[in-house]
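Reproduced below: start.txt, with compact mmCIF, C-alpha atoms.
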```
# COMPACT_ATOMS: atom_id res chain seq x y z
CA MET T 1 4.30 -4.93 -0.01
CA THR T 2 1.13 -6.93 0.18
CA LEU T 3 -1.98 -4.99 1.02
CA PRO T 4 -4.73 -7.26 2.27
CA SER T 5 -8.08 -5.85 1.26
CA ARG T 6 -11.69 -6.89 1.27
CA ARG T 7 -14.76 -5.39 -0.26
CA TYR T 8 -17.88 -4.78 1.81
CA ALA T 9 -20.73 -3.77 -0.51
CA ASP T 10 -19.56 -0.50 -2.08
CA VAL T 11 -16.52 0.09 0.17
CA THR T 12 -13.09 -1.53 0.17
CA VAL T 13 -11.28 -2.00 3.46
CA ALA T 14 -7.50 -2.27 3.10
CA ALA T 15 -5.17 -3.13 5.94
CA PRO T 16 -1.47 -2.20 5.60
CA ALA T 17 0.90 -3.40 8.29
CA GLY T 18 4.26 -2.60 9.85
CA ARG T 19 6.36 0.52 9.39
CA ILE T 20 5.40 2.73 6.47
CA ASP T 21 8.70 4.53 6.06
CA HIS T 22 10.54 5.92 3.05
CA GLU T 23 11.40 2.42 1.86
CA VAL T 24 7.87 1.09 2.01
CA ALA T 25 5.84 4.13 0.98
CA SER T 26 6.30 3.70 -2.77
CA LYS T 27 5.19 0.08 -2.48
CA LEU T 28 2.15 1.16 -0.50
CA GLU T 29 1.34 3.71 -3.18
CA ALA T 30 1.52 1.05 -5.89
CA ALA T 31 -0.71 -1.25 -3.84
CA VAL T 32 -3.29 1.41 -3.00
CA LEU T 33 -3.73 2.90 -6.46
CA PRO T 34 -5.82 0.02 -7.91
CA LEU T 35 -8.15 0.22 -4.93
CA LEU T 36 -8.95 3.84 -5.69
CA ASP T 37 -10.66 2.92 -8.93
CA PRO T 38 -14.41 3.64 -8.73
CA ASP T 39 -15.13 0.05 -9.72
CA ALA T 40 -13.06 -1.22 -6.81
CA SER T 41 -14.62 1.02 -4.20
CA PRO T 42 -17.62 2.99 -5.50
CA ALA T 43 -18.48 4.72 -2.23
CA GLY T 44 -14.97 4.97 -0.90
CA ILE T 45 -12.19 3.26 0.95
CA VAL T 46 -11.29 2.57 4.56
CA LEU T 47 -7.69 2.07 5.60
CA ASP T 48 -7.51 -0.18 8.64
CA PHE T 49 -4.35 1.00 10.40
CA SER T 50 -4.61 -1.33 13.39
CA ARG T 51 -1.40 -3.13 12.35
CA VAL T 52 0.58 -0.05 11.31
CA ASP T 53 3.39 0.74 13.78
CA TYR T 54 4.72 3.92 12.22
CA ILE T 55 4.19 6.17 9.21
CA SER T 56 6.66 8.75 7.85
CA SER T 57 5.97 11.90 5.85
CA VAL T 58 6.31 9.97 2.60
CA GLY T 59 3.72 7.49 3.80
CA LEU T 60 1.38 10.29 4.77
CA ARG T 61 1.83 11.70 1.28
CA VAL T 62 0.42 8.43 -0.10
CA LEU T 63 -2.67 8.90 2.06
CA MET T 64 -3.03 12.43 0.71
CA ILE T 65 -2.86 11.14 -2.86
CA ALA T 66 -5.49 8.54 -2.07
CA ALA T 67 -7.74 11.10 -0.40
CA LYS T 68 -7.52 13.50 -3.35
CA SER T 69 -8.30 10.70 -5.78
CA VAL T 70 -11.29 9.32 -3.89
CA ARG T 71 -12.74 12.72 -3.06
CA GLY T 72 -12.21 13.86 -6.62
CA ARG T 73 -14.75 11.34 -7.82
CA GLY T 74 -17.18 12.00 -4.98
CA GLY T 75 -16.14 9.11 -2.77
CA ARG T 76 -15.07 9.16 0.86
CA ILE T 77 -11.97 7.91 2.60
CA GLY T 78 -11.43 7.06 6.25
CA VAL T 79 -8.48 5.89 8.29
CA ALA T 80 -9.38 3.70 11.23
CA ALA T 81 -7.95 2.11 14.37
CA LEU T 82 -4.74 4.11 14.71
CA SER T 83 -2.21 2.96 17.29
CA PRO T 84 -1.36 5.59 19.90
CA VAL T 85 1.96 6.42 18.20
CA VAL T 86 0.43 6.69 14.73
CA ALA T 87 -2.42 8.78 16.14
CA GLU T 88 0.18 11.11 17.60
CA ILE T 89 1.95 11.36 14.25
CA PHE T 90 -1.37 12.24 12.61
CA ALA T 91 -1.87 14.99 15.19
CA ILE T 92 1.71 16.29 14.94
CA SER T 93 1.56 16.48 11.16
CA ARG T 94 -2.00 17.88 11.29
CA PHE T 95 -3.20 15.03 9.11
CA ASP T 96 -6.01 14.51 11.58
CA ALA T 97 -7.41 17.77 10.22
CA VAL T 98 -7.35 16.75 6.56
CA LEU T 99 -8.29 13.07 6.78
CA HIS T 100 -11.25 11.54 8.55
CA VAL T 101 -9.96 9.39 11.38
CA PHE T 102 -12.21 6.86 13.09
CA PRO T 103 -11.74 4.76 16.24
CA THR T 104 -12.70 1.54 14.44
CA VAL T 105 -13.31 0.18 10.96
CA ARG T 106 -16.96 -0.22 11.92
CA ASP T 107 -17.21 3.48 12.76
CA ALA T 108 -15.61 4.40 9.43
CA LEU T 109 -18.00 2.20 7.46
CA ALA T 110 -20.97 3.59 9.38
CA ALA T 111 -19.95 7.07 8.29
CA ILE T 112 -19.34 6.16 4.66
CA SER T 113 -21.94 3.59 3.67
CA PRO T 114 -24.80 1.87 5.53
CA SER T 115 -24.77 -1.01 3.05
CA ALA T 116 -21.05 -1.54 3.61
CA LEU T 117 -21.62 -1.51 7.35
CA ALA T 118 -24.35 -4.13 6.98
CA SER T 119 -22.07 -6.29 4.86
CA TYR T 120 -19.26 -5.89 7.37
CA ALA T 121 -21.52 -6.93 10.22
CA THR T 122 -22.30 -10.11 8.33
CA HIS T 123 -18.99 -11.01 6.76
CA ALA T 124 -16.20 -9.44 8.78
CA PRO T 125 -13.88 -11.60 10.88
CA ALA T 126 -15.28 -12.01 14.37
CA SER T 127 -12.52 -9.86 15.82
CA GLY T 128 -13.55 -6.97 13.63
CA ARG T 129 -17.27 -6.90 14.36
CA MET G 1 33.76 29.85 17.54
CA MET G 2 31.08 30.66 15.00
CA ARG G 3 27.90 32.42 15.95
CA VAL G 4 24.56 32.96 14.22
CA ARG G 5 22.42 35.98 14.95
CA PHE G 6 18.86 36.22 13.66
CA TRP G 7 17.69 39.68 12.60
CA GLY G 8 14.61 38.59 10.64
CA THR G 9 12.82 35.26 10.82
CA ARG G 10 9.35 35.78 9.33
CA GLY G 11 8.52 34.57 5.84
CA SER G 12 6.70 36.28 2.99
CA LEU G 13 5.72 39.47 4.80
CA PRO G 14 6.89 41.29 7.93
CA VAL G 15 4.39 41.25 10.79
CA ALA G 16 4.00 43.09 14.09
CA LEU G 17 2.15 42.37 17.29
CA THR G 18 -1.05 44.37 17.64
CA ALA G 19 -2.14 46.13 20.82
CA ALA G 20 -4.62 43.32 21.35
CA ASP G 21 -1.83 40.74 20.99
CA VAL G 22 0.27 42.50 23.61
CA ARG G 23 -2.67 42.81 25.96
CA ALA G 24 -3.50 39.12 25.62
CA LYS G 25 0.09 38.23 26.49
CA LEU G 26 0.00 40.54 29.51
CA VAL G 27 -3.21 38.97 30.78
CA VAL G 28 -1.72 35.48 30.62
CA ALA G 29 1.60 36.66 32.08
CA LEU G 30 -0.07 38.32 35.05
CA LYS G 31 -2.15 35.22 35.71
CA LEU G 32 1.02 33.12 35.65
CA ALA G 33 2.66 35.57 38.06
CA ARG G 34 -0.16 35.36 40.61
CA GLY G 35 1.08 34.36 43.99
CA ARG G 36 4.77 34.64 43.11
CA ALA G 37 7.18 36.87 44.97
CA LEU G 38 7.79 39.96 42.86
CA GLU G 39 9.50 42.16 45.40
CA THR G 40 12.80 42.66 43.64
CA ASP G 41 13.85 43.18 40.02
CA ALA G 42 15.55 39.78 40.17
CA ASP G 43 12.26 38.21 41.32
CA ILE G 44 10.53 39.73 38.30
CA GLU G 45 13.25 38.53 35.91
CA ARG G 46 13.02 35.00 37.35
CA CYS G 47 9.25 35.03 37.02
CA ILE G 48 9.47 36.10 33.36
CA ASP G 49 12.16 33.52 32.65
CA ALA G 50 9.84 30.78 33.92
CA MET G 51 7.10 31.72 31.48
CA PRO G 52 6.72 30.09 28.07
CA PHE G 53 8.52 32.02 25.34
CA GLU G 54 5.29 32.58 23.41
CA ILE G 55 3.95 34.49 26.43
CA ALA G 56 7.06 36.30 27.67
CA GLY G 57 8.49 36.94 24.20
CA THR G 58 7.59 36.87 20.54
CA PHE G 59 9.01 35.16 17.50
CA GLY G 60 9.15 38.53 15.85
CA GLY G 61 8.20 39.92 12.57
CA SER G 62 11.07 41.03 10.36
CA SER G 63 11.56 39.19 7.10
CA PRO G 64 14.66 37.02 6.56
CA CYS G 65 18.05 38.29 7.56
CA VAL G 66 20.55 36.06 9.36
CA GLU G 67 24.06 37.06 10.35
CA ILE G 68 26.86 34.51 10.37
CA GLU G 69 29.72 35.53 12.62
CA PRO G 70 32.80 33.54 11.64
CA GLY G 71 35.10 35.66 13.80
CA GLY G 72 37.03 38.56 12.33
CA ASP G 73 36.17 42.06 11.23
CA GLU G 74 34.13 41.28 8.13
CA PHE G 75 30.37 40.87 8.25
CA VAL G 76 28.50 37.99 6.66
CA VAL G 77 24.74 38.02 6.30
CA CYS G 78 22.15 35.85 4.59
CA ASP G 79 19.32 37.66 2.80
CA LEU G 80 18.25 41.28 2.71
CA GLY G 81 14.85 41.05 4.36
CA SER G 82 13.44 43.79 6.56
CA GLY G 83 15.66 42.54 9.41
CA LEU G 84 18.60 44.03 7.49
CA ARG G 85 17.77 47.51 8.78
CA ALA G 86 18.39 46.54 12.42
CA PHE G 87 21.47 44.55 11.41
CA GLY G 88 22.92 47.60 9.66
CA GLN G 89 22.37 49.82 12.68
CA ALA G 90 23.97 47.26 14.98
CA ALA G 91 26.92 46.82 12.62
CA LEU G 92 27.54 50.57 12.63
CA ALA G 93 27.30 50.63 16.39
CA ARG G 94 29.79 47.76 16.67
CA HIS G 95 32.61 49.44 14.75
CA GLY G 96 31.48 53.03 14.53
CA PRO G 97 30.16 54.71 11.37
CA THR G 98 33.55 55.96 10.22
CA LYS G 99 35.44 52.67 10.12
CA PRO G 100 35.25 51.15 6.62
CA CYS G 101 33.83 47.64 6.77
CA THR G 102 33.21 44.78 4.37
CA TYR G 103 29.80 43.16 4.20
CA HIS G 104 29.34 39.81 2.45
CA VAL G 105 25.67 39.28 1.60
CA PHE G 106 24.39 35.88 0.45
CA VAL G 107 21.01 36.14 -1.24
CA SER G 108 18.79 33.04 -1.38
CA HIS G 109 16.61 34.56 -4.10
CA VAL G 110 15.12 37.88 -5.10
CA HIS G 111 11.54 37.60 -3.92
CA TRP G 112 10.60 40.80 -2.20
CA ASP G 113 10.62 39.56 1.39
CA HIS G 114 14.30 38.66 0.92
CA ILE G 115 15.49 41.95 -0.57
CA MET G 116 13.18 44.62 0.88
CA GLY G 117 15.66 45.67 3.56
CA LEU G 118 18.37 46.94 1.23
CA PRO G 119 16.98 50.49 0.80
CA PHE G 120 17.18 50.82 4.60
CA PHE G 121 20.69 49.37 4.98
CA THR G 122 22.67 52.40 6.10
CA PRO G 123 26.18 50.92 5.63
CA ALA G 124 25.50 50.63 1.89
CA TYR G 125 25.13 54.44 1.68
CA ILE G 126 28.50 55.13 3.31
CA PRO G 127 31.53 55.60 1.02
CA GLY G 128 34.44 53.40 2.02
CA ASN G 129 32.35 50.40 2.94
CA ARG G 130 32.36 47.36 0.66
CA VAL G 131 29.18 45.38 0.09
CA ILE G 132 29.56 42.18 -1.91
CA PHE G 133 26.38 40.45 -2.98
CA TYR G 134 26.57 36.71 -3.68
CA GLY G 135 23.84 34.70 -5.34
CA GLY G 136 22.96 32.18 -7.98
CA HIS G 137 20.50 34.35 -9.89
CA PRO G 138 21.74 36.14 -12.99
CA GLY G 139 19.19 38.90 -12.34
CA LEU G 140 20.27 39.65 -8.77
CA GLU G 141 21.66 43.12 -9.42
CA ALA G 142 18.75 44.10 -11.64
CA ALA G 143 16.25 43.02 -8.98
CA LEU G 144 18.00 45.06 -6.29
CA ARG G 145 18.12 48.10 -8.54
CA ARG G 146 14.50 47.75 -9.67
CA GLN G 147 12.99 47.90 -6.18
CA MET G 148 14.62 51.33 -5.68
CA ASP G 149 13.45 52.75 -9.00
CA VAL G 150 10.85 55.50 -9.15
CA PRO G 151 8.02 55.21 -8.21
CA SER G 152 8.74 52.28 -5.87
CA PHE G 153 11.25 54.13 -3.68
CA PRO G 154 12.35 57.78 -3.46
CA ILE G 155 16.10 57.08 -3.30
CA ASP G 156 17.70 55.61 -6.39
CA PHE G 157 20.12 52.69 -6.20
CA SER G 158 22.91 55.02 -7.37
CA TYR G 159 22.80 56.73 -3.97
CA LEU G 160 24.33 53.60 -2.44
CA ARG G 161 27.85 55.01 -2.25
CA ALA G 162 29.60 52.00 -0.77
CA ASP G 163 31.79 49.97 -3.10
CA LEU G 164 29.27 47.41 -4.42
CA ALA G 165 30.13 44.16 -6.16
CA PHE G 166 28.15 41.15 -7.36
CA VAL G 167 29.44 37.58 -7.40
CA ARG G 168 27.54 34.89 -9.26
CA LEU G 169 27.66 31.57 -7.45
CA GLU G 170 27.26 28.16 -8.99
CA PRO G 171 26.03 25.02 -7.25
CA GLY G 172 28.88 22.61 -6.70
CA VAL G 173 31.55 25.32 -6.89
CA PRO G 174 32.63 26.32 -3.36
CA VAL G 175 33.99 29.80 -2.66
CA GLU G 176 36.16 31.17 0.15
CA VAL G 177 34.61 34.13 1.94
CA ALA G 178 35.64 35.72 5.27
CA GLY G 179 37.64 32.66 6.20
CA MET G 180 34.80 30.28 5.45
CA THR G 181 34.21 27.78 2.67
CA VAL G 182 30.75 28.36 1.24
CA HIS G 183 28.86 25.76 -0.79
CA THR G 184 25.81 26.61 -2.90
CA LYS G 185 22.79 24.42 -3.63
CA LEU G 186 19.92 24.98 -6.03
CA GLN G 187 16.52 24.60 -4.35
CA ARG G 188 12.94 24.10 -5.49
CA HIS G 189 11.10 27.45 -5.38
CA ALA G 190 9.30 29.65 -7.89
CA GLY G 191 12.12 31.28 -9.88
CA ASP G 192 14.65 29.08 -8.01
CA SER G 193 16.33 29.69 -4.69
CA TYR G 194 19.76 28.81 -3.36
CA GLY G 195 20.86 27.33 -0.05
CA TYR G 196 24.28 27.98 1.45
CA ARG G 197 26.54 25.87 3.62
CA PHE G 198 29.19 27.76 5.59
CA GLU G 199 32.18 25.82 6.94
CA ARG G 200 35.02 26.95 9.13
CA GLY G 201 37.25 25.25 11.68
CA GLY G 202 35.26 22.03 11.68
CA LYS G 203 31.93 23.82 12.22
CA SER G 204 29.20 24.04 9.62
CA ILE G 205 26.00 26.06 9.22
CA VAL G 206 23.38 25.51 6.51
CA TYR G 207 21.00 28.29 5.52
CA THR G 208 18.19 26.73 3.49
CA THR G 209 15.05 28.76 3.11
CA ASP G 210 12.28 29.01 0.55
CA SER G 211 12.87 25.42 -0.42
CA GLU G 212 10.12 22.91 -1.10
CA HIS G 213 10.90 19.22 -0.76
CA LYS G 214 9.01 16.76 -2.90
CA LEU G 215 8.74 13.78 -0.63
CA ALA G 216 8.47 11.18 -3.36
CA ASP G 217 11.83 12.04 -4.92
CA PRO G 218 14.51 9.95 -3.16
CA GLU G 219 17.31 11.49 -5.22
CA GLU G 220 16.33 14.96 -4.06
CA ALA G 221 16.21 13.79 -0.43
CA ARG G 222 19.63 12.17 -0.83
CA SER G 223 21.15 15.34 -2.26
CA PHE G 224 19.84 17.44 0.63
CA ALA G 225 21.04 14.88 3.17
CA GLU G 226 24.47 15.27 1.59
CA PHE G 227 24.24 19.07 1.69
CA PHE G 228 23.18 18.97 5.36
CA HIS G 229 25.61 16.19 6.31
CA ALA G 230 26.67 16.39 9.99
CA ALA G 231 25.98 20.13 10.07
CA ASP G 232 26.13 21.80 13.46
CA LEU G 233 23.12 23.95 12.56
CA VAL G 234 20.52 23.84 9.79
CA ILE G 235 18.31 26.93 9.42
CA PHE G 236 15.31 25.41 7.67
CA ASP G 237 12.19 26.71 5.95
CA ALA G 238 9.48 25.25 8.19
CA MET G 239 6.67 27.52 7.19
CA TYR G 240 3.86 24.99 7.30
CA SER G 241 2.59 21.85 8.95
CA LEU G 242 3.24 18.73 6.89
CA ALA G 243 -0.45 18.42 5.98
CA ASP G 244 -0.56 21.98 4.65
CA ALA G 245 2.76 21.65 2.83
CA ILE G 246 1.61 18.70 0.76
CA SER G 247 -2.07 19.59 0.31
CA VAL G 248 -3.45 23.10 0.08
CA LYS G 249 0.00 24.69 -0.04
CA ALA G 250 1.72 22.18 -2.30
CA ASP G 251 3.89 23.90 -4.92
CA TRP G 252 4.00 27.12 -2.90
CA GLY G 253 7.75 26.61 -2.55
CA HIS G 254 8.04 25.97 1.18
CA SER G 255 8.45 23.11 3.58
CA SER G 256 7.35 21.84 6.98
CA ASN G 257 8.68 21.21 10.46
CA ILE G 258 8.27 17.43 10.00
CA THR G 259 10.23 17.36 6.75
CA GLY G 260 12.96 19.34 8.49
CA VAL G 261 13.19 16.75 11.25
CA GLU G 262 13.35 13.85 8.82
CA LEU G 263 15.98 15.43 6.56
CA CYS G 264 18.14 16.49 9.49
CA GLN G 265 17.89 13.06 11.11
CA SER G 266 18.91 11.38 7.87
CA ALA G 267 21.89 13.76 7.58
CA GLY G 268 23.09 13.45 11.18
CA VAL G 269 22.55 17.16 11.88
CA LYS G 270 23.07 18.40 15.44
CA HIS G 271 20.65 21.34 15.59
CA LEU G 272 17.60 22.17 13.47
CA CYS G 273 16.31 25.72 13.63
CA LEU G 274 12.79 26.27 12.27
CA PHE G 275 12.74 29.43 10.15
CA HIS G 276 10.69 31.53 7.70
CA HIS G 277 7.60 31.51 9.90
CA GLU G 278 4.21 31.82 8.26
CA PRO G 279 2.93 35.41 8.74
CA ALA G 280 -0.55 34.13 9.61
CA ASN G 281 0.86 32.16 12.55
CA ASP G 282 0.81 33.85 15.95
CA ASP G 283 3.34 33.03 18.65
CA ALA G 284 1.22 30.20 20.01
CA ALA G 285 0.97 28.58 16.58
CA ILE G 286 4.75 28.76 16.05
CA ALA G 287 5.34 27.37 19.54
CA ALA G 288 2.98 24.49 18.69
CA LEU G 289 4.90 23.72 15.48
CA LEU G 290 8.10 23.69 17.53
CA ALA G 291 6.60 21.36 20.15
CA ASP G 292 5.31 19.08 17.38
CA ALA G 293 8.74 18.94 15.76
CA ARG G 294 10.41 18.09 19.06
CA ARG G 295 7.90 15.34 19.79
CA TYR G 296 8.26 13.90 16.27
CA GLU G 297 12.03 13.84 16.76
CA GLU G 298 11.55 11.88 19.99
CA ILE G 299 9.24 9.38 18.35
CA THR G 300 11.52 8.81 15.36
CA ARG G 301 14.94 9.10 17.00
CA LEU G 302 17.34 6.37 15.93
CA ALA G 303 20.70 7.86 16.88
CA ALA G 304 21.91 10.95 18.72
CA PRO G 305 19.20 13.47 19.61
CA LEU G 306 18.54 16.34 17.23
CA ALA G 307 18.24 19.68 19.03
CA ILE G 308 15.36 21.74 17.65
CA SER G 309 14.60 25.41 18.14
CA ALA G 310 12.41 28.01 16.45
CA ALA G 311 14.17 31.14 15.24
CA TYR G 312 13.09 34.51 16.57
CA ASP G 313 14.33 38.01 15.87
CA GLY G 314 17.23 38.48 18.28
CA LEU G 315 18.07 34.80 18.78
CA VAL G 316 21.81 34.05 18.96
CA ILE G 317 23.15 30.52 18.54
CA ALA G 318 26.81 29.88 19.34
CA LEU G 319 28.56 26.88 17.79
```

This structure in structure tokens:
Amino acid sequence: MTLPSRRYADVTVAAPAGRIDHEVASKLEAAVLPLLDPDASPAGIVLDFSRVDYISSVGLRVLMIAAKSVRGRGGRIGVAALSPVVAEIFAISRFDAVLHVFPTVRDALAAISPSALASYATHAPASGR
Amino acid sequence: MMRVRFWGTRGSLPVALTAADVRAKLVVALKLARGRALETDADIERCIDAMPFEIAGTFGGSSPCVEIEPGGDEFVVCDLGSGLRAFGQAALARHGPTKPCTYHVFVSHVHWDHIMGLPFFTPAYIPGNRVIFYGGHPGLEAALRRQMDVPSFPIDFSYLRADLAFVRLEPGVPVEVAGMTVHTKLQRHAGDSYGYRFERGGKSIVYTTDSEHKLADPEEARSFAEFFHAADLVIFDAMYSLADAISVKADWGHSSNITGVELCQSAGVKHLCLFHHEPANDDAAIAALLADARRYEEITRLAAPLAISAAYDGLVIAL
């Protein structure tokens, strides 16, 4: 799968899309791993889930791997802009208790890095500001 | 018709309600009963029946013991947890203590919560009864004997005067027991565990506890979907939430309610029964895991609905 991503100062924002089911999860994992490198996202990573329709247990496992990796090097990870169904899956699986979930990408960046937020305010697409 | 009767449903360690737990339930129950007619016994029964199970009942606290009733005079039971004591008393009451009976016991593994009931299993002390233990572990007999050795227990294994036998099962090699075909599957758990699939007359029941599922392994998921295929009932280790199962409790050898739903959906199972409840979970927490599983099934349903229940000591499911 393609994983559109963009760096804002010291944070990378990545935006998966569609259904993250058993078929797609391994591709998501392969796409996310390079973004977890400290050089790619020194302060952390934000996953913009606004275009994700569904995520299965295997997809959630990928988020757990990413969270362990980023936190292990002192970074932070946030998941933002969940659809109502995906938000419900996060609650049902109790992932909302182990991952930081934010209403918007802006909120996630504000929590992780002021410089990333400033960069986002300047460079983000108009719809995301 | 086949029937399943749950004598012990708690994982790891038996638990009991405390006085404070009972009081808290009574307080909520009385609030729910406010304003309702309670003049007759039937009124009271109706009022209780309208209450949530986690208020009017309890998921119970004995460790794993599940009876499979295939029809016929012989008994079949899965695991020797603390629920085995009550099962033994009920079995004696059913046929009387003097009628020799045969008990087929399928053991998932020999961790203590799954064998601790044997020293309290009265039928095993009665000459004339037959107790046949089935399992995949080569050390099954030794483990059962060891827990009754001095100083762990005052009555030695040799005092079990029933005719005892041990049958080693192998995955992929079905056996015929009490009119059923029984399939065995190796599962991921510390020291290994085994799941069992019981088939008779077109009905099938899968007992799969103490089994961790590694989500990234598609071959493992495929093999379990095959083992569960079109089962009428899957009794599934749903000890944790998904988040716990793959984070802080990864490699603890157990699974989650969400994984149970996904595996059963992929296998076309009719009924998923959440089992091996976490001892730290109170009735409200187990009810929440059940509600979560049911909602997840609704969200992800692609074909026929999957019925979902949470096992409790005393639950009977007829197939």

What is the CA of Asp39 (chain T)-CA of Gly18 (chain T) distance in Å, reported with one decimal?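 Computing the Euclidean distance for CA of Asp39 (chain T) and CA of Gly18 (chain T) yields 27.7 Å.
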
Record the distance separating CA of Met51 (chain G) and CA of Tyr240 (chain G), expressed in Å with one decimal. 25.3 Å

Can you list, as a VMD selection string, every protein, DNA or RNA residue that comes within 7 Å of Ser108 (chain G) when you count all atoms listed in the file, leaving out same-chain residues fewer than 6 positions away? chain G and resid 79 135 193 to 195

Mind listing as a list in words which residues of chain G are within 8 Å of chain T, counting all atoms listed in the file?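 Close enough to count are Leu215, Ala216, Ser241, Leu242, Ala243, Asp244, Ile246, Ser247, Ile258, Thr259, Asp292, Ala293, Arg295, Tyr296 and Ile299 of chain G.
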
Closest of T:Pro103, T:Gly78, T:Pro125, T:Pro114 to Asp10 (chain T), counting only C-alpha atoms, is T:Pro114

For a test of reading the model, state the distance in Å between CA of Phe75 (chain G) and CA of His114 (chain G), rounded to one decimal.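 So the two atoms, CA of Phe75 (chain G) and CA of His114 (chain G), lie 17.8 Å apart.
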
Name the residues in contact with Arg130 (chain G) at a cut-off of 9 Å, using all atoms listed in the file, excluding same-chain residues fewer than 2 positions from it; report them as an mmCIF file with C-alpha atoms, in the frame of the given file.
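In the end it all went to out38.cif:
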```
data_model
loop_
_atom_site.group_PDB
_atom_site.id
_atom_site.type_symbol
_atom_site.label_atom_id
_atom_site.label_comp_id
_atom_site.auth_asym_id
_atom_site.auth_seq_id
_atom_site.Cartn_x
_atom_site.Cartn_y
_atom_site.Cartn_z
ATOM 1 C CA PRO G 100 35.250 51.150 6.620
ATOM 2 C CA CYS G 101 33.830 47.640 6.770
ATOM 3 C CA THR G 102 33.210 44.780 4.370
ATOM 4 C CA TYR G 103 29.800 43.160 4.200
ATOM 5 C CA HIS G 104 29.340 39.810 2.450
ATOM 6 C CA PRO G 123 26.180 50.920 5.630
ATOM 7 C CA ALA G 124 25.500 50.630 1.890
ATOM 8 C CA PRO G 127 31.530 55.600 1.020
ATOM 9 C CA GLY G 128 34.440 53.400 2.020
ATOM 10 C CA ILE G 132 29.560 42.180 -1.910
ATOM 11 C CA ALA G 162 29.600 52.000 -0.770
ATOM 12 C CA ASP G 163 31.790 49.970 -3.100
ATOM 13 C CA LEU G 164 29.270 47.410 -4.420
ATOM 14 C CA ALA G 165 30.130 44.160 -6.160
#
```

I want to know what sits within 7 Å of region 136-140 of chain G, based on all atoms listed in the file, with residues of the same chain fewer than 5 positions away left out; could you give that as a PyMOL selection string? chain G and resi 109-110+168-170+194

Between G:Leu289, G:Ala310, G:Val105, G:Ala29, which is the closest to Asp49 (chain G) once you count only C-alpha atoms?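 Using only C-alpha atoms, Asp49 (chain G) sits closest to G:Ala29.
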
Compare T:Val11, T:Ile112, T:Ala17, T:Ala43 by their minimum atom-to-atom distance to Ser83 (chain T), counting all atoms listed in the file, and give me the closest one.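 Of the candidates, the smallest distance to Ser83 (chain T) is held by T:Ala17.
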
Take every atom of region 212-221 of chain G listed in the file, fit an axis-aligned box around them, add 8 Å per side, and give the centre and edge lengths in Å to one decimal as lines of an AutoDock Vina configuration file.
```
center_x = 12.9
center_y = 16.4
center_z = -2.8
size_x = 24.8
size_y = 29.0
size_z = 20.8
```

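Minimum distance to Tyr120 (chain T) across T:Leu28, T:Ala14, T:Val105, T:Val79 (counting only C-alpha atoms) occurs at T:Val105.
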
Which neighbours of Ile55 (chain G) fall inside 12 Å, counting only C-alpha atoms, when residues of the same chain fewer than 5 positions from it are skipped, and could you give them as a list in words?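 My reading of the contact set: Asp21, Val22, Arg23, Ala24, Lys25, Leu26, Val27, Val28, Ala29, Leu30, Lys31, Leu32, Ala33, Cys47, Ile48, Asp49, Ala50, Asp282, Asp283, Ala284, Ala285, Ile286 and Ala287 of chain G.
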
Just to be explicit: take each residue in the selection above, keep C-alpha atoms, and write the result as a compact mmCIF listing (two decimals), keeping the file's coordinate frame.
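As a result, part_23.txt now contains:
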```
# COMPACT_ATOMS: atom_id res chain seq x y z
CA ASP G 21 -1.83 40.74 20.99
CA VAL G 22 0.27 42.50 23.61
CA ARG G 23 -2.67 42.81 25.96
CA ALA G 24 -3.50 39.12 25.62
CA LYS G 25 0.09 38.23 26.49
CA LEU G 26 0.00 40.54 29.51
CA VAL G 27 -3.21 38.97 30.78
CA VAL G 28 -1.72 35.48 30.62
CA ALA G 29 1.60 36.66 32.08
CA LEU G 30 -0.07 38.32 35.05
CA LYS G 31 -2.15 35.22 35.71
CA LEU G 32 1.02 33.12 35.65
CA ALA G 33 2.66 35.57 38.06
CA CYS G 47 9.25 35.03 37.02
CA ILE G 48 9.47 36.10 33.36
CA ASP G 49 12.16 33.52 32.65
CA ALA G 50 9.84 30.78 33.92
CA ASP G 282 0.81 33.85 15.95
CA ASP G 283 3.34 33.03 18.65
CA ALA G 284 1.22 30.20 20.01
CA ALA G 285 0.97 28.58 16.58
CA ILE G 286 4.75 28.76 16.05
CA ALA G 287 5.34 27.37 19.54
```

Selected residue, from T:Arg76, T:Arg51, T:His100, T:Arg6, that lies nearest to Ser113 (chain T) when counting all atoms listed in the file: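 Ranking T:Arg76, T:Arg51, T:His100, T:Arg6 by distance to Ser113 (chain T), first place goes to T:Arg76.
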
How about completing region 139-143 of chain G with N, CA and C atoms and giving it to me as a compact mmCIF listing (two decimals), keeping the file's coordinate frame?
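For reference, part-v4.txt as written:
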```
# COMPACT_ATOMS: atom_id res chain seq x y z
N GLY G 139 19.86 37.60 -12.42
CA GLY G 139 19.19 38.90 -12.34
C GLY G 139 19.25 39.53 -10.97
N LEU G 140 20.21 39.12 -10.14
CA LEU G 140 20.27 39.65 -8.77
C LEU G 140 20.43 41.17 -8.74
N GLU G 141 21.41 41.68 -9.45
CA GLU G 141 21.66 43.12 -9.42
C GLU G 141 20.45 43.89 -9.97
N ALA G 142 19.90 43.40 -11.05
CA ALA G 142 18.75 44.10 -11.64
C ALA G 142 17.57 44.15 -10.66
N ALA G 143 17.37 43.05 -9.93
CA ALA G 143 16.25 43.02 -8.98
C ALA G 143 16.48 44.01 -7.84
```
